[in-house]
file query_17.csv (CSV, N, CA and C atoms)
chain,number,residue,atom,x,y,z
A,171,MET,N,103.9,152.6,139.7
A,171,MET,CA,104.5,151.3,139.6
A,171,MET,C,104.3,150.5,140.9
A,172,GLY,N,104.4,149.2,140.8
A,172,GLY,CA,104.2,148.4,142.0
A,172,GLY,C,102.9,147.7,142.1
A,173,ASN,N,102.1,147.8,141.1
A,173,ASN,CA,100.8,147.0,141.1
A,173,ASN,C,101.1,145.6,140.6
A,174,ALA,N,101.2,144.7,141.5
A,174,ALA,CA,101.5,143.3,141.2
A,174,ALA,C,100.3,142.5,140.7
A,175,GLU,N,99.1,143.1,140.9
A,175,GLU,CA,97.9,142.4,140.6
A,175,GLU,C,97.4,142.5,139.1
A,176,ILE,N,98.1,143.3,138.3
A,176,ILE,CA,97.8,143.4,136.9
A,176,ILE,C,97.8,142.1,136.2
A,177,SER,N,98.8,141.3,136.6
A,177,SER,CA,99.0,140.0,136.0
A,177,SER,C,97.8,139.0,136.3
A,178,ASN,N,97.1,139.3,137.4
A,178,ASN,CA,95.9,138.5,137.7
A,178,ASN,C,94.7,138.9,136.9
A,179,GLU,N,94.7,140.1,136.4
A,179,GLU,CA,93.6,140.7,135.7
A,179,GLU,C,93.7,140.7,134.2
A,180,HIS,N,94.9,140.7,133.7
A,180,HIS,CA,95.2,140.8,132.3
A,180,HIS,C,96.1,139.7,131.9
A,181,PRO,N,95.9,139.1,130.7
A,181,PRO,CA,96.8,138.0,130.2
A,181,PRO,C,98.1,138.6,129.7
A,182,LEU,N,99.1,137.9,129.9
A,182,LEU,CA,100.4,138.3,129.3
A,182,LEU,C,100.4,138.2,127.8
A,183,LEU,N,100.6,139.3,127.1
A,183,LEU,CA,100.5,139.3,125.6
A,183,LEU,C,101.8,139.2,124.9
A,184,LYS,N,102.8,139.8,125.6
A,184,LYS,CA,104.2,139.8,124.9
A,184,LYS,C,105.2,139.9,126.0
A,185,SER,N,106.4,139.5,125.7
A,185,SER,CA,107.5,139.7,126.6
A,185,SER,C,108.4,140.8,126.0
A,186,SER,N,109.1,141.4,126.9
A,186,SER,CA,109.9,142.6,126.5
A,186,SER,C,111.4,142.4,127.1
A,187,THR,N,112.3,142.4,126.2
A,187,THR,CA,113.7,142.3,126.6
A,187,THR,C,114.1,143.6,127.4
A,188,ILE,N,113.5,144.7,127.0
A,188,ILE,CA,113.8,145.9,127.8
A,188,ILE,C,113.3,145.8,129.2
A,189,LEU,N,112.1,145.3,129.4
A,189,LEU,CA,111.5,145.1,130.7
A,189,LEU,C,112.4,144.1,131.5
A,190,SER,N,112.8,143.0,130.8
A,190,SER,CA,113.7,142.0,131.5
A,190,SER,C,114.9,142.7,132.0
A,191,ASP,N,115.5,143.6,131.2
A,191,ASP,CA,116.7,144.3,131.7
A,191,ASP,C,116.4,145.2,132.9
A,192,PHE,N,115.3,145.9,132.8
A,192,PHE,CA,114.8,146.7,133.9
A,192,PHE,C,114.6,145.9,135.2
A,193,LYS,N,114.0,144.7,135.1
A,193,LYS,CA,113.7,143.9,136.2
A,193,LYS,C,115.0,143.3,136.8
A,194,THR,N,115.9,143.0,136.0
A,194,THR,CA,117.2,142.5,136.5
A,194,THR,C,117.9,143.6,137.3
A,195,TYR,N,117.8,144.8,136.8
A,195,TYR,CA,118.4,146.0,137.5
A,195,TYR,C,117.7,146.3,138.8
A,196,TYR,N,116.3,146.3,138.7
A,196,TYR,CA,115.5,146.6,139.9
A,196,TYR,C,114.1,146.1,139.7
A,197,ASP,N,113.7,145.0,140.4
A,197,ASP,CA,112.4,144.5,140.2
A,197,ASP,C,111.4,145.2,141.2
A,198,VAL,N,110.6,146.0,140.6
A,198,VAL,CA,109.6,146.8,141.4
A,198,VAL,C,108.5,146.0,142.0
A,199,LEU,N,108.3,144.8,141.5
A,199,LEU,CA,107.3,143.9,142.1
A,199,LEU,C,107.8,143.2,143.4
A,200,VAL,N,109.1,143.2,143.6
A,200,VAL,CA,109.7,142.6,144.8
A,200,VAL,C,110.2,143.7,145.7
A,201,ASN,N,110.9,144.7,145.2
A,201,ASN,CA,111.5,145.8,145.9
A,201,ASN,C,110.6,147.0,145.9
A,202,ASP,N,110.8,147.9,146.8
A,202,ASP,CA,110.0,149.1,146.9
A,202,ASP,C,110.3,150.1,145.8
A,203,PRO,N,109.3,150.4,144.9
A,203,PRO,CA,109.5,151.2,143.8
A,203,PRO,C,110.1,152.6,144.1
A,204,GLU,N,109.8,153.1,145.3
A,204,GLU,CA,110.3,154.4,145.7
A,204,GLU,C,111.8,154.4,146.0
A,205,GLU,N,112.4,153.2,146.1
A,205,GLU,CA,113.8,153.1,146.4
A,205,GLU,C,114.6,152.9,145.1
A,206,MET,N,113.9,152.8,144.0
A,206,MET,CA,114.7,152.6,142.7
A,206,MET,C,115.3,153.9,142.2
A,207,SER,N,116.6,153.8,141.8
A,207,SER,CA,117.3,154.9,141.3
A,207,SER,C,117.3,154.9,139.8
A,208,CYS,N,118.1,155.7,139.2
A,208,CYS,CA,118.3,155.8,137.8
A,208,CYS,C,119.7,155.4,137.4
A,209,CYS,N,119.9,154.7,136.5
A,209,CYS,CA,119.1,153.8,135.7
A,209,CYS,C,120.1,152.6,135.3
A,210,PRO,N,119.6,151.6,134.7
A,210,PRO,CA,120.5,150.4,134.4
A,210,PRO,C,121.7,150.8,133.5
A,211,THR,N,122.7,150.1,133.7
A,211,THR,CA,123.9,150.2,132.8
A,211,THR,C,123.5,150.0,131.4
A,212,GLY,N,124.0,150.9,130.5
A,212,GLY,CA,123.7,150.8,129.1
A,212,GLY,C,122.5,151.5,128.7
A,213,ARG,N,121.7,152.1,129.6
A,213,ARG,CA,120.5,152.8,129.3
A,213,ARG,C,120.7,154.3,129.8
A,214,THR,N,120.2,155.2,129.0
A,214,THR,CA,120.4,156.6,129.3
A,214,THR,C,119.0,157.3,129.3
A,215,PHE,N,118.7,157.9,130.5
A,215,PHE,CA,117.5,158.7,130.6
A,215,PHE,C,117.9,160.0,131.2
A,216,SER,N,117.3,161.1,130.7
A,216,SER,CA,117.7,162.4,131.2
A,216,SER,C,117.3,162.7,132.6
A,217,THR,N,116.3,161.9,133.1
A,217,THR,CA,115.9,162.1,134.5
A,217,THR,C,115.4,160.7,135.1
A,218,LYS,N,115.4,160.7,136.4
A,218,LYS,CA,114.9,159.5,137.1
A,218,LYS,C,113.5,159.2,136.7
A,219,ALA,N,112.7,160.3,136.7
A,219,ALA,CA,111.3,160.2,136.4
A,219,ALA,C,111.0,159.6,135.0
A,220,ARG,N,111.9,160.0,134.0
A,220,ARG,CA,111.7,159.4,132.7
A,220,ARG,C,112.0,157.9,132.6
A,221,PHE,N,113.0,157.5,133.4
A,221,PHE,CA,113.3,156.1,133.5
A,221,PHE,C,112.1,155.4,134.1
A,222,HIS,N,111.5,155.9,135.2
A,222,HIS,CA,110.4,155.3,135.9
A,222,HIS,C,109.2,155.2,135.0
A,223,LYS,N,109.0,156.3,134.2
A,223,LYS,CA,107.8,156.3,133.3
A,223,LYS,C,108.0,155.2,132.2
A,224,HIS,N,109.2,155.1,131.7
A,224,HIS,CA,109.5,154.1,130.7
A,224,HIS,C,109.3,152.7,131.2
A,225,TYR,N,109.8,152.4,132.4
A,225,TYR,CA,109.6,151.2,133.1
A,225,TYR,C,108.2,150.8,133.2
A,226,LEU,N,107.4,151.8,133.7
A,226,LEU,CA,105.9,151.6,133.8
A,226,LEU,C,105.3,151.2,132.5
A,227,GLN,N,105.7,151.9,131.4
A,227,GLN,CA,105.1,151.7,130.1
A,227,GLN,C,105.5,150.3,129.6
A,228,GLU,N,106.7,149.9,129.8
A,228,GLU,CA,107.1,148.5,129.4
A,228,GLU,C,106.4,147.5,130.2
A,229,TYR,N,106.2,147.7,131.5
A,229,TYR,CA,105.5,146.7,132.3
A,229,TYR,C,104.0,146.6,131.9
A,230,LEU,N,103.4,147.7,131.7
A,230,LEU,CA,102.0,147.7,131.3
A,230,LEU,C,101.8,147.2,129.9
A,231,GLY,N,102.8,147.5,129.0
A,231,GLY,CA,102.7,147.1,127.6
A,231,GLY,C,102.7,145.6,127.4
A,232,GLN,N,103.3,144.8,128.3
A,232,GLN,CA,103.3,143.4,128.2
A,232,GLN,C,101.9,142.8,128.4
A,233,PHE,N,101.0,143.6,129.0
A,233,PHE,CA,99.6,143.2,129.1
A,233,PHE,C,98.7,143.9,128.2
A,234,GLY,N,99.2,144.6,127.2
A,234,GLY,CA,98.4,145.3,126.2
A,234,GLY,C,97.8,146.6,126.8
A,235,LEU,N,98.4,147.1,127.8
A,235,LEU,CA,97.9,148.3,128.5
A,235,LEU,C,98.8,149.5,128.1
A,236,PHE,N,98.3,150.7,128.0
A,236,PHE,CA,99.0,151.8,127.6
A,236,PHE,C,98.9,152.9,128.6
A,237,TYR,N,100.0,153.6,128.9
A,237,TYR,CA,100.1,154.7,129.8
A,237,TYR,C,100.8,155.9,129.2
A,238,SER,N,100.3,157.1,129.3
A,238,SER,CA,101.1,158.3,129.0
A,238,SER,C,100.5,159.4,129.9
A,239,LYS,N,101.2,160.5,129.9
A,239,LYS,CA,100.7,161.6,130.7
A,239,LYS,C,99.4,162.1,130.2
A,240,LYS,N,99.2,162.1,128.9
A,240,LYS,CA,98.0,162.5,128.3
A,240,LYS,C,96.9,161.5,128.4
A,241,ASN,N,97.2,160.2,128.6
A,241,ASN,CA,96.3,159.2,128.7
A,241,ASN,C,96.6,158.3,129.9
A,242,PRO,N,96.4,158.8,131.1
A,242,PRO,CA,96.8,158.0,132.3
A,242,PRO,C,95.7,157.0,132.8
A,243,LYS,N,94.7,156.8,131.9
A,243,LYS,CA,93.5,156.0,132.3
A,243,LYS,C,93.8,154.7,133.1
A,244,VAL,N,94.7,154.0,132.6
A,244,VAL,CA,95.0,152.7,133.2
A,244,VAL,C,95.4,152.8,134.7
A,245,VAL,N,96.2,153.8,135.0
A,245,VAL,CA,96.7,153.9,136.4
A,245,VAL,C,95.7,154.8,137.2
A,246,ALA,N,94.7,155.4,136.6
A,246,ALA,CA,93.7,156.2,137.3
A,246,ALA,C,92.5,155.3,137.7
A,247,ASP,N,92.5,154.0,137.3
A,247,ASP,CA,91.4,153.1,137.6
A,247,ASP,C,91.4,152.8,139.1
A,248,LYS,N,90.2,152.7,139.7
A,248,LYS,CA,90.1,152.4,141.1
A,248,LYS,C,90.8,151.0,141.5
A,249,LYS,N,90.7,150.0,140.6
A,249,LYS,CA,91.4,148.8,140.9
A,249,LYS,C,92.9,148.9,141.0
A,250,TYR,N,93.5,149.8,140.2
A,250,TYR,CA,94.9,150.0,140.2
A,250,TYR,C,95.3,150.7,141.6
A,251,LEU,N,94.6,151.7,142.0
A,251,LEU,CA,94.8,152.3,143.3
A,251,LEU,C,94.6,151.3,144.4
A,252,ASP,N,93.6,150.5,144.4
A,252,ASP,CA,93.3,149.5,145.4
A,252,ASP,C,94.5,148.6,145.5
A,253,ALA,N,95.1,148.2,144.4
A,253,ALA,CA,96.2,147.2,144.4
A,253,ALA,C,97.4,147.9,145.1
A,254,LEU,N,97.6,149.2,144.8
A,254,LEU,CA,98.7,149.9,145.4
A,254,LEU,C,98.5,150.1,146.9
A,255,LYS,N,97.2,150.3,147.3
A,255,LYS,CA,96.9,150.4,148.8
A,255,LYS,C,97.2,149.1,149.4
A,256,LYS,N,96.8,148.0,148.8
A,256,LYS,CA,97.1,146.7,149.4
A,256,LYS,C,98.6,146.5,149.6
A,257,ARG,N,99.4,146.9,148.6
A,257,ARG,CA,100.8,146.7,148.7
A,257,ARG,C,101.4,147.6,149.8
A,258,CYS,N,100.9,148.8,150.0
A,258,CYS,CA,101.3,149.7,151.1
A,258,CYS,C,101.1,149.0,152.4
A,259,GLU,N,100.0,148.3,152.6
A,259,GLU,CA,99.7,147.7,153.8
A,259,GLU,C,100.4,146.3,154.0
A,260,SER,N,100.6,145.6,153.0
A,260,SER,CA,101.1,144.2,153.1
A,260,SER,C,102.6,144.2,153.1
A,261,MET,N,103.3,145.1,152.4
A,261,MET,CA,104.7,145.0,152.2
A,261,MET,C,105.5,146.2,152.8
A,262,ASN,N,104.7,147.2,153.3
A,262,ASN,CA,105.4,148.4,153.9
A,262,ASN,C,106.2,149.1,152.8
A,263,HIS,N,105.8,149.0,151.6
A,263,HIS,CA,106.4,149.8,150.5
A,263,HIS,C,105.6,151.0,150.2
A,264,LEU,N,106.1,151.8,149.3
A,264,LEU,CA,105.4,153.0,148.8
A,264,LEU,C,105.0,154.0,150.0
A,265,SER,N,105.9,154.3,150.8
A,265,SER,CA,105.6,155.0,152.0
A,265,SER,C,105.1,156.4,151.8
A,266,SER,N,105.5,157.1,150.7
A,266,SER,CA,104.9,158.4,150.4
A,266,SER,C,103.5,158.3,150.0
A,267,LEU,N,103.1,157.3,149.2
A,267,LEU,CA,101.7,157.0,148.9
A,267,LEU,C,100.9,156.7,150.1
A,268,LYS,N,101.5,155.9,151.0
A,268,LYS,CA,100.8,155.5,152.2
A,268,LYS,C,100.5,156.7,153.1
A,269,LEU,N,101.5,157.7,153.1
A,269,LEU,CA,101.2,158.9,153.9
A,269,LEU,C,100.1,159.7,153.3
A,270,LEU,N,100.0,159.8,152.0
A,270,LEU,CA,98.9,160.5,151.3
A,270,LEU,C,97.6,159.8,151.6
A,271,LEU,N,97.6,158.5,151.5
A,271,LEU,CA,96.3,157.7,151.8
A,271,LEU,C,95.9,157.9,153.2
A,272,ASP,N,96.8,158.0,154.1
A,272,ASP,CA,96.5,158.2,155.5
A,272,ASP,C,95.9,159.6,155.7
A,273,ILE,N,96.4,160.6,155.1
A,273,ILE,CA,95.9,161.9,155.1
A,273,ILE,C,94.5,162.0,154.6
A,274,TRP,N,94.3,161.3,153.5
A,274,TRP,CA,92.9,161.3,152.9
A,274,TRP,C,91.9,160.6,153.9
A,275,ASP,N,92.4,159.5,154.5
A,275,ASP,CA,91.5,158.8,155.4
A,275,ASP,C,91.2,159.7,156.6
A,276,SER,N,92.1,160.5,157.1
A,276,SER,CA,91.9,161.3,158.2
A,276,SER,C,90.9,162.5,157.9
A,277,ILE,N,91.0,163.0,156.7
A,277,ILE,CA,90.1,164.0,156.2
A,277,ILE,C,88.7,163.5,156.1
A,278,GLU,N,88.5,162.2,155.6
A,278,GLU,CA,87.2,161.6,155.5
A,278,GLU,C,86.5,161.5,156.8
A,279,THR,N,87.3,161.3,157.9
A,279,THR,CA,86.7,161.0,159.2
A,279,THR,C,86.4,162.3,159.9
A,280,LEU,N,86.7,163.5,159.4
A,280,LEU,CA,86.4,164.7,160.0
A,280,LEU,C,84.9,165.1,160.0
call {"tool": "encode", "arguments": {"input": "query_17.csv", "output": "structure tokens"}}
result
Amino acid sequence: MGNAEISNEHPLLKSSTILSDFKTYYDVLVNDPEEMSCCPTGRTFSTKARFHKHYLQEYLGQFGLFYSKKNPKVVADKKYLDALKKRCESMNHLSSLKLLLDIWDSIETL
């Protein structure tokens, strides 16, 4: 979550009242996705991870994109990761991802 550049690359195909509810509860494009808890009033998810997955699926779905654990292709794309890297640098969000990226960078320079 947190790739704000998808809307620049893909046209909006549909709106989602579920996504609207999620964004009202916690807008991951404005706030740090790592700080989001579980879950909005009136919605029940057995785990925080399931809520986050559903949020991601709703967000991607409005652009006609699909994500599942068995088919993570859309989030495995280099452009997707580059957008997350950019967000780490520009907004100081996604600190655990930033830590991982920094480790990878340090390994590359060895």
call {"tool": "closest_residue", "arguments": {"input": "query_17.csv", "among": "A:Leu251, A:Leu183, A:Ile188, A:Leu271", "to": "Tyr225 of chain A", "atoms": "only N, CA and C atoms"}}
result
A:Ile188
call {"tool": "residues_around", "arguments": {"input": "query_17.csv", "residues": "segment 256-258 of chain A", "least_positions_apart": "6", "cutoff": "8 Å", "atoms": "all atoms listed in the file", "output": "VMD selection string"}}
result
chain A and resid 172 to 174 250 264 to 265 267 to 268
call {"tool": "write_last_selection", "arguments": {"input": "query_17.csv", "atoms": "N, CA and C atoms", "output": "PDB file, in the coordinates of the input"}}
result
ATOM      1  N   GLY A 172     104.400 149.200 140.800  1.00  0.00           N
ATOM      2  CA  GLY A 172     104.200 148.400 142.000  1.00  0.00           C
ATOM      3  C   GLY A 172     102.900 147.700 142.100  1.00  0.00           C
ATOM      4  N   ASN A 173     102.100 147.800 141.100  1.00  0.00           N
ATOM      5  CA  ASN A 173     100.800 147.000 141.100  1.00  0.00           C
ATOM      6  C   ASN A 173     101.100 145.600 140.600  1.00  0.00           C
ATOM      7  N   ALA A 174     101.200 144.700 141.500  1.00  0.00           N
ATOM      8  CA  ALA A 174     101.500 143.300 141.200  1.00  0.00           C
ATOM      9  C   ALA A 174     100.300 142.500 140.700  1.00  0.00           C
ATOM     10  N   TYR A 250      93.500 149.800 140.200  1.00  0.00           N
ATOM     11  CA  TYR A 250      94.900 150.000 140.200  1.00  0.00           C
ATOM     12  C   TYR A 250      95.300 150.700 141.600  1.00  0.00           C
ATOM     13  N   LEU A 264     106.100 151.800 149.300  1.00  0.00           N
ATOM     14  CA  LEU A 264     105.400 153.000 148.800  1.00  0.00           C
ATOM     15  C   LEU A 264     105.000 154.000 150.000  1.00  0.00           C
ATOM     16  N   SER A 265     105.900 154.300 150.800  1.00  0.00           N
ATOM     17  CA  SER A 265     105.600 155.000 152.000  1.00  0.00           C
ATOM     18  C   SER A 265     105.100 156.400 151.800  1.00  0.00           C
ATOM     19  N   LEU A 267     103.100 157.300 149.200  1.00  0.00           N
ATOM     20  CA  LEU A 267     101.700 157.000 148.900  1.00  0.00           C
ATOM     21  C   LEU A 267     100.900 156.700 150.100  1.00  0.00           C
ATOM     22  N   LYS A 268     101.500 155.900 151.000  1.00  0.00           N
ATOM     23  CA  LYS A 268     100.800 155.500 152.200  1.00  0.00           C
ATOM     24  C   LYS A 268     100.500 156.700 153.100  1.00  0.00           C
TER      25      LYS A 268
END
call {"tool": "select_by_dssp", "arguments": {"input": "query_17.csv", "residues": "chain A", "states": "helix (DSSP H, G or I)", "output": "PyMOL selection string"}}
result
chain A and resi 176-179+187-195+203-205+218-231+243-246+248-261+265-278
call {"tool": "closest_residue", "arguments": {"input": "query_17.csv", "among": "A:Leu189, A:Ser177, A:Leu182, A:Asp272", "to": "Gly234 of chain A", "atoms": "only C-alpha atoms"}}
result
A:Leu182
call {"tool": "atom_distance", "arguments": {"input": "query_17.csv", "atom1": "atom CA of Glu278 of chain A", "atom2": "atom CA of Met261 of chain A"}}
result
24.3 Å
call {"tool": "atom_distance", "arguments": {"input": "query_17.csv", "atom1": "atom CA of Lys248 of chain A", "atom2": "atom C of Glu179 of chain A"}}
result
14.1 Å
call {"tool": "decode", "arguments": {"input": "query_17.csv", "residues": "segment 210-227 of chain A", "atoms": "N, CA and C atoms", "output": "PDB file, in the first residue's frame"}}
result
ATOM      1  N   PRO A 210     -12.015  -0.142  10.355  1.00  0.00           N
ATOM      2  CA  PRO A 210     -13.088   0.841  10.512  1.00  0.00           C
ATOM      3  C   PRO A 210     -14.327   0.269  11.205  1.00  0.00           C
ATOM      4  N   THR A 211     -15.036   1.149  11.865  1.00  0.00           N
ATOM      5  CA  THR A 211     -16.273   0.761  12.538  1.00  0.00           C
ATOM      6  C   THR A 211     -17.240   0.145  11.538  1.00  0.00           C
ATOM      7  N   GLY A 212     -17.849  -0.941  11.921  1.00  0.00           N
ATOM      8  CA  GLY A 212     -18.816  -1.603  11.059  1.00  0.00           C
ATOM      9  C   GLY A 212     -18.211  -2.645  10.142  1.00  0.00           C
ATOM     10  N   ARG A 213     -16.903  -2.752  10.139  1.00  0.00           N
ATOM     11  CA  ARG A 213     -16.210  -3.753   9.315  1.00  0.00           C
ATOM     12  C   ARG A 213     -15.478  -4.705  10.246  1.00  0.00           C
ATOM     13  N   THR A 214     -15.511  -5.968   9.924  1.00  0.00           N
ATOM     14  CA  THR A 214     -14.857  -6.959  10.767  1.00  0.00           C
ATOM     15  C   THR A 214     -13.875  -7.771   9.936  1.00  0.00           C
ATOM     16  N   PHE A 215     -12.647  -7.784  10.384  1.00  0.00           N
ATOM     17  CA  PHE A 215     -11.605  -8.602   9.766  1.00  0.00           C
ATOM     18  C   PHE A 215     -10.937  -9.377  10.887  1.00  0.00           C
ATOM     19  N   SER A 216     -10.598 -10.607  10.625  1.00  0.00           N
ATOM     20  CA  SER A 216     -10.026 -11.443  11.686  1.00  0.00           C
ATOM     21  C   SER A 216      -8.613 -11.012  12.078  1.00  0.00           C
ATOM     22  N   THR A 217      -7.918 -10.345  11.159  1.00  0.00           N
ATOM     23  CA  THR A 217      -6.574  -9.850  11.463  1.00  0.00           C
ATOM     24  C   THR A 217      -6.361  -8.495  10.796  1.00  0.00           C
ATOM     25  N   LYS A 218      -5.392  -7.775  11.304  1.00  0.00           N
ATOM     26  CA  LYS A 218      -4.999  -6.499  10.705  1.00  0.00           C
ATOM     27  C   LYS A 218      -4.511  -6.723   9.271  1.00  0.00           C
ATOM     28  N   ALA A 219      -3.770  -7.804   9.066  1.00  0.00           N
ATOM     29  CA  ALA A 219      -3.239  -8.114   7.736  1.00  0.00           C
ATOM     30  C   ALA A 219      -4.360  -8.329   6.719  1.00  0.00           C
ATOM     31  N   ARG A 220      -5.429  -8.971   7.126  1.00  0.00           N
ATOM     32  CA  ARG A 220      -6.555  -9.195   6.198  1.00  0.00           C
ATOM     33  C   ARG A 220      -7.229  -7.880   5.829  1.00  0.00           C
ATOM     34  N   PHE A 221      -7.354  -6.984   6.798  1.00  0.00           N
ATOM     35  CA  PHE A 221      -7.904  -5.661   6.492  1.00  0.00           C
ATOM     36  C   PHE A 221      -7.001  -4.935   5.503  1.00  0.00           C
ATOM     37  N   HIS A 222      -5.706  -4.948   5.737  1.00  0.00           N
ATOM     38  CA  HIS A 222      -4.773  -4.264   4.851  1.00  0.00           C
ATOM     39  C   HIS A 222      -4.817  -4.857   3.442  1.00  0.00           C
ATOM     40  N   LYS A 223      -4.907  -6.179   3.352  1.00  0.00           N
ATOM     41  CA  LYS A 223      -5.000  -6.833   2.037  1.00  0.00           C
ATOM     42  C   LYS A 223      -6.275  -6.407   1.319  1.00  0.00           C
ATOM     43  N   HIS A 224      -7.378  -6.373   2.037  1.00  0.00           N
ATOM     44  CA  HIS A 224      -8.652  -5.986   1.426  1.00  0.00           C
ATOM     45  C   HIS A 224      -8.604  -4.523   0.968  1.00  0.00           C
ATOM     46  N   TYR A 225      -7.998  -3.666   1.762  1.00  0.00           N
ATOM     47  CA  TYR A 225      -7.832  -2.253   1.405  1.00  0.00           C
ATOM     48  C   TYR A 225      -7.041  -2.156   0.099  1.00  0.00           C
ATOM     49  N   LEU A 226      -5.918  -2.872   0.031  1.00  0.00           N
ATOM     50  CA  LEU A 226      -5.090  -2.867  -1.175  1.00  0.00           C
ATOM     51  C   LEU A 226      -5.879  -3.355  -2.384  1.00  0.00           C
ATOM     52  N   GLN A 227      -6.632  -4.424  -2.223  1.00  0.00           N
ATOM     53  CA  GLN A 227      -7.424  -4.966  -3.329  1.00  0.00           C
ATOM     54  C   GLN A 227      -8.478  -3.966  -3.797  1.00  0.00           C
TER      55      GLN A 227
END
